[in-house]
file coords-v6.cif (mmCIF, N, CA and C atoms and all ligand atoms)
data_entry
#
loop_
_atom_site.group_PDB
_atom_site.id
_atom_site.type_symbol
_atom_site.label_atom_id
_atom_site.label_comp_id
_atom_site.auth_asym_id
_atom_site.auth_seq_id
_atom_site.Cartn_x
_atom_site.Cartn_y
_atom_site.Cartn_z
ATOM 1 N N MET A 850 3.384 -16.315 4.989
ATOM 2 C CA MET A 850 3.322 -15.056 4.258
ATOM 3 C C MET A 850 3.971 -15.203 2.890
ATOM 4 N N GLY A 851 3.242 -14.873 1.862
ATOM 5 C CA GLY A 851 3.770 -14.991 0.503
ATOM 6 C C GLY A 851 4.621 -13.812 0.125
ATOM 7 N N LYS A 852 5.129 -13.848 -1.063
ATOM 8 C CA LYS A 852 5.949 -12.735 -1.539
ATOM 9 C C LYS A 852 5.060 -11.586 -2.008
ATOM 10 N N GLU A 853 5.252 -10.484 -1.365
ATOM 11 C CA GLU A 853 4.482 -9.314 -1.748
ATOM 12 C C GLU A 853 5.382 -8.104 -1.771
ATOM 13 N N LYS A 854 4.930 -7.080 -2.448
ATOM 14 C CA LYS A 854 5.662 -5.821 -2.472
ATOM 15 C C LYS A 854 4.729 -4.686 -2.126
ATOM 16 N N ALA A 855 5.329 -3.608 -1.640
ATOM 17 C CA ALA A 855 4.536 -2.433 -1.285
ATOM 18 C C ALA A 855 4.943 -1.261 -2.166
ATOM 19 N N CYS A 856 3.963 -0.468 -2.520
ATOM 20 C CA CYS A 856 4.205 0.692 -3.376
ATOM 21 C C CYS A 856 4.784 1.836 -2.546
ATOM 22 N N LYS A 857 5.892 2.398 -3.010
ATOM 23 C CA LYS A 857 6.515 3.511 -2.282
ATOM 24 C C LYS A 857 5.687 4.783 -2.394
ATOM 25 N N ASN A 858 4.869 4.853 -3.391
ATOM 26 C CA ASN A 858 4.073 6.053 -3.612
ATOM 27 C C ASN A 858 2.790 6.049 -2.787
ATOM 28 N N CYS A 859 1.985 4.983 -2.901
ATOM 29 C CA CYS A 859 0.682 4.977 -2.222
ATOM 30 C C CYS A 859 0.599 3.936 -1.110
ATOM 31 N N HIS A 860 1.668 3.145 -0.884
ATOM 32 C CA HIS A 860 1.762 2.179 0.198
ATOM 33 C C HIS A 860 0.904 0.932 0.014
ATOM 34 N N LEU A 861 0.278 0.758 -1.110
ATOM 35 C CA LEU A 861 -0.516 -0.440 -1.358
ATOM 36 C C LEU A 861 0.381 -1.680 -1.388
ATOM 37 N N VAL A 862 -0.076 -2.745 -0.718
ATOM 38 C CA VAL A 862 0.653 -4.011 -0.760
ATOM 39 C C VAL A 862 0.050 -4.873 -1.866
ATOM 40 N N THR A 863 0.897 -5.359 -2.739
ATOM 41 C CA THR A 863 0.405 -6.106 -3.893
ATOM 42 C C THR A 863 1.275 -7.320 -4.168
ATOM 43 N N SER A 864 0.680 -8.327 -4.785
ATOM 44 C CA SER A 864 1.471 -9.497 -5.188
ATOM 45 C C SER A 864 1.996 -9.314 -6.604
ATOM 46 N N LYS A 865 1.624 -8.208 -7.232
ATOM 47 C CA LYS A 865 2.193 -7.882 -8.538
ATOM 48 C C LYS A 865 3.599 -7.320 -8.326
ATOM 49 N N PHE A 866 4.514 -7.635 -9.229
ATOM 50 C CA PHE A 866 5.898 -7.237 -9.012
ATOM 51 C C PHE A 866 6.380 -6.105 -9.907
ATOM 52 N N SER A 867 5.513 -5.632 -10.769
ATOM 53 C CA SER A 867 6.004 -4.576 -11.667
ATOM 54 C C SER A 867 5.303 -3.249 -11.414
ATOM 55 N N GLN A 868 4.006 -3.210 -11.677
ATOM 56 C CA GLN A 868 3.305 -1.940 -11.600
ATOM 57 C C GLN A 868 2.260 -1.955 -10.491
ATOM 58 N N CYS A 869 2.182 -0.847 -9.745
ATOM 59 C CA CYS A 869 1.170 -0.726 -8.707
ATOM 60 C C CYS A 869 -0.209 -0.622 -9.356
ATOM 61 N N PRO A 870 -1.159 -1.493 -8.945
ATOM 62 C CA PRO A 870 -2.484 -1.462 -9.556
ATOM 63 C C PRO A 870 -3.299 -0.226 -9.169
ATOM 64 N N ALA A 871 -2.896 0.456 -8.110
ATOM 65 C CA ALA A 871 -3.668 1.616 -7.658
ATOM 66 C C ALA A 871 -3.204 2.916 -8.306
ATOM 67 N N CYS A 872 -1.905 3.221 -8.199
ATOM 68 C CA CYS A 872 -1.438 4.524 -8.684
ATOM 69 C C CYS A 872 -0.622 4.424 -9.966
ATOM 70 N N LYS A 873 -0.438 3.192 -10.462
ATOM 71 C CA LYS A 873 0.206 2.965 -11.767
ATOM 72 C C LYS A 873 1.681 3.358 -11.828
ATOM 73 N N THR A 874 2.321 3.490 -10.655
ATOM 74 C CA THR A 874 3.754 3.765 -10.684
ATOM 75 C C THR A 874 4.516 2.440 -10.618
ATOM 76 N N TYR A 875 5.819 2.526 -10.810
ATOM 77 C CA TYR A 875 6.647 1.319 -10.818
ATOM 78 C C TYR A 875 7.596 1.281 -9.621
ATOM 79 N N THR A 876 7.248 2.002 -8.573
ATOM 80 C CA THR A 876 8.145 2.102 -7.427
ATOM 81 C C THR A 876 7.737 1.118 -6.337
ATOM 82 N N LEU A 877 7.799 -0.175 -6.634
ATOM 83 C CA LEU A 877 7.455 -1.193 -5.658
ATOM 84 C C LEU A 877 8.695 -1.646 -4.898
ATOM 85 N N SER A 878 8.525 -1.902 -3.584
ATOM 86 C CA SER A 878 9.640 -2.321 -2.749
ATOM 87 C C SER A 878 9.248 -3.548 -1.934
ATOM 88 N N ASP A 879 10.195 -4.467 -1.737
ATOM 89 C CA ASP A 879 9.895 -5.616 -0.879
ATOM 90 C C ASP A 879 10.344 -5.358 0.558
ATOM 91 N N ASP A 880 10.802 -4.141 0.823
ATOM 92 C CA ASP A 880 11.243 -3.778 2.162
ATOM 93 C C ASP A 880 10.209 -2.860 2.812
ATOM 94 N N PHE A 881 9.224 -3.499 3.460
ATOM 95 C CA PHE A 881 8.151 -2.721 4.076
ATOM 96 C C PHE A 881 7.739 -3.367 5.392
ATOM 97 N N SER A 882 7.013 -2.616 6.225
ATOM 98 C CA SER A 882 6.565 -3.161 7.506
ATOM 99 C C SER A 882 5.253 -2.515 7.912
ATOM 100 N N GLY A 883 4.542 -3.169 8.831
ATOM 101 C CA GLY A 883 3.319 -2.616 9.377
ATOM 102 C C GLY A 883 2.133 -2.710 8.444
ATOM 103 N N ILE A 884 1.585 -3.917 8.301
ATOM 104 C CA ILE A 884 0.440 -4.109 7.403
ATOM 105 C C ILE A 884 -0.851 -3.590 8.044
ATOM 106 N N VAL A 885 -1.598 -2.799 7.309
ATOM 107 C CA VAL A 885 -2.927 -2.381 7.765
ATOM 108 C C VAL A 885 -3.937 -2.646 6.649
ATOM 109 N N TYR A 886 -5.152 -2.991 7.071
ATOM 110 C CA TYR A 886 -6.230 -3.184 6.109
ATOM 111 C C TYR A 886 -7.158 -1.983 6.180
ATOM 112 N N ILE A 887 -7.241 -1.255 5.102
ATOM 113 C CA ILE A 887 -8.134 -0.099 5.047
ATOM 114 C C ILE A 887 -9.444 -0.539 4.393
ATOM 115 N N LEU A 888 -10.510 -0.528 5.181
ATOM 116 C CA LEU A 888 -11.803 -0.958 4.657
ATOM 117 C C LEU A 888 -12.665 0.233 4.260
ATOM 118 N N ASP A 889 -12.496 1.333 4.974
ATOM 119 C CA ASP A 889 -13.286 2.522 4.684
ATOM 120 C C ASP A 889 -12.375 3.752 4.693
ATOM 121 N N PRO A 890 -11.753 4.047 3.560
ATOM 122 C CA PRO A 890 -10.749 5.125 3.492
ATOM 123 C C PRO A 890 -11.276 6.475 3.972
ATOM 124 N N GLU A 891 -12.555 6.731 3.759
ATOM 125 C CA GLU A 891 -13.095 8.050 4.129
ATOM 126 C C GLU A 891 -13.213 8.229 5.634
ATOM 127 N N LYS A 892 -13.265 7.118 6.377
ATOM 128 C CA LYS A 892 -13.427 7.220 7.826
ATOM 129 C C LYS A 892 -12.167 6.843 8.584
ATOM 130 N N SER A 893 -11.128 6.426 7.875
ATOM 131 C CA SER A 893 -9.918 5.949 8.529
ATOM 132 C C SER A 893 -8.884 7.067 8.708
ATOM 133 N N ILE A 894 -8.409 7.210 9.936
ATOM 134 C CA ILE A 894 -7.373 8.209 10.214
ATOM 135 C C ILE A 894 -6.063 7.817 9.531
ATOM 136 N N ILE A 895 -5.766 6.523 9.554
ATOM 137 C CA ILE A 895 -4.544 6.034 8.904
ATOM 138 C C ILE A 895 -4.601 6.320 7.404
ATOM 139 N N ALA A 896 -5.764 6.100 6.817
ATOM 140 C CA ALA A 896 -5.926 6.364 5.384
ATOM 141 C C ALA A 896 -5.675 7.834 5.073
ATOM 142 N N LYS A 897 -6.136 8.707 5.939
ATOM 143 C CA LYS A 897 -5.912 10.139 5.729
ATOM 144 C C LYS A 897 -4.424 10.463 5.819
ATOM 145 N N GLU A 898 -3.753 9.875 6.812
ATOM 146 C CA GLU A 898 -2.324 10.157 6.990
ATOM 147 C C GLU A 898 -1.498 9.662 5.807
ATOM 148 N N LEU A 899 -1.904 8.551 5.241
ATOM 149 C CA LEU A 899 -1.142 7.976 4.136
ATOM 150 C C LEU A 899 -1.695 8.396 2.779
ATOM 151 N N ASN A 900 -2.717 9.231 2.794
ATOM 152 C CA ASN A 900 -3.362 9.661 1.548
ATOM 153 C C ASN A 900 -3.914 8.489 0.746
ATOM 154 N N ILE A 901 -4.549 7.544 1.460
ATOM 155 C CA ILE A 901 -5.125 6.375 0.808
ATOM 156 C C ILE A 901 -6.567 6.669 0.405
ATOM 157 N N ARG A 902 -6.896 6.394 -0.828
ATOM 158 C CA ARG A 902 -8.240 6.684 -1.312
ATOM 159 C C ARG A 902 -9.031 5.423 -1.642
ATOM 160 N N PHE A 903 -8.344 4.270 -1.700
ATOM 161 C CA PHE A 903 -9.031 3.045 -2.056
ATOM 162 C C PHE A 903 -8.865 2.029 -0.938
ATOM 163 N N LYS A 904 -9.887 1.197 -0.721
ATOM 164 C CA LYS A 904 -9.743 0.178 0.305
ATOM 165 C C LYS A 904 -8.782 -0.909 -0.161
ATOM 166 N N GLY A 905 -8.131 -1.540 0.833
ATOM 167 C CA GLY A 905 -7.161 -2.569 0.479
ATOM 168 C C GLY A 905 -6.156 -2.777 1.580
ATOM 169 N N LYS A 906 -5.082 -3.457 1.237
ATOM 170 C CA LYS A 906 -4.037 -3.808 2.188
ATOM 171 C C LYS A 906 -2.856 -2.876 1.965
ATOM 172 N N TYR A 907 -2.400 -2.238 3.047
ATOM 173 C CA TYR A 907 -1.348 -1.236 2.910
ATOM 174 C C TYR A 907 -0.224 -1.460 3.912
ATOM 175 N N ALA A 908 0.942 -0.933 3.605
ATOM 176 C CA ALA A 908 2.082 -0.980 4.522
ATOM 177 C C ALA A 908 2.255 0.402 5.159
ATOM 178 N N LEU A 909 2.508 0.417 6.471
ATOM 179 C CA LEU A 909 2.713 1.689 7.145
ATOM 180 C C LEU A 909 4.047 2.318 6.748
ATOM 181 N N LYS A 910 5.072 1.466 6.626
ATOM 182 C CA LYS A 910 6.397 1.977 6.263
ATOM 183 C C LYS A 910 6.915 1.239 5.040
ATOM 184 N N VAL A 911 7.353 1.976 4.054
ATOM 185 C CA VAL A 911 7.971 1.403 2.864
ATOM 186 C C VAL A 911 9.321 2.060 2.686
ATOM 187 N N ARG A 912 10.369 1.228 2.590
ATOM 188 C CA ARG A 912 11.697 1.808 2.437
ATOM 189 C C ARG A 912 12.212 1.618 1.010
HETATM 190 ZN ZN ZN A 1001 0.857 2.775 -5.650
#

call {"tool": "encode", "arguments": {"input": "coords-v6.cif", "output": "structure tokens", "more": "lines below"}}
Ligand SMILES: [Zn+2]
result
Amino acid sequence: MGKEKACKNCHLVTSKFSQCPACKTYTLSDDFSGIVYILDPEKSIIAKELNIRFKGKYALKVR
């Protein structure tokens, strides 16, 4: 597993360390758990719970 960070705002997991590519905030954390892959945000219950609108790799919990 490489070094990645998760966005505290939208939960996107990214290898970028400064700005979240999805919501453009700077609240990235390396303390996260529970990776999920959202392939179809409109049909995913998890995506609805986390307010995910784009497909991608997300963390269930970001601290
Ligand atoms: Zn974000």

call {"tool": "residues_around", "arguments": {"input": "coords-v6.cif", "residues": "range 880-885 of chain A", "least_positions_apart": "5", "cutoff": "7 Å", "atoms": "only C-alpha atoms", "output": "number ranges by chain"}}
result
A: 855, 906-912

call {"tool": "closest_residue", "arguments": {"input": "coords-v6.cif", "among": "A:Val862, A:Cys872, A:Leu877, A:Leu888", "to": "ligand ZN 1001 (chain A)", "atoms": "only C-alpha atoms and all ligand atoms"}}
result
A:Cys872

call {"tool": "atom_distance", "arguments": {"input": "coords-v6.cif", "atom1": "atom N of Ile901 in chain A", "atom2": "atom N of Lys865 in chain A"}}
result
19.0 Å

call {"tool": "residues_near_ligand", "arguments": {"input": "coords-v6.cif", "ligand": "ligand ZN 1001 (chain A)", "cutoff": "12 Å", "atoms": "only C-alpha atoms and all ligand atoms", "output": "PyMOL selection string"}}
result
chain A and resi 854-863+865-878+899-903+905-908+911

call {"tool": "select_by_dssp", "arguments": {"input": "coords-v6.cif", "residues": "chain A", "states": "strand (DSSP E)", "output": "VMD selection string"}}
result
chain A and resid 854 to 856 862 to 863 877 to 878 881 to 887 905 to 911

call {"tool": "atom_distance", "arguments": {"input": "coords-v6.cif", "atom1": "atom C of Ala896 in chain A", "atom2": "atom N of Asp879 in chain A"}}
result
21.2 Å

call {"tool": "atom_distance", "arguments": {"input": "coords-v6.cif", "atom1": "atom C of Lys904 in chain A", "atom2": "CA of Glu891 in chain A"}}
result
10.8 Å

call {"tool": "select_by_dssp", "arguments": {"input": "coords-v6.cif", "residues": "chain A", "states": "alpha helix (DSSP H)", "output": "number ranges by chain"}}
result
A: 894-899
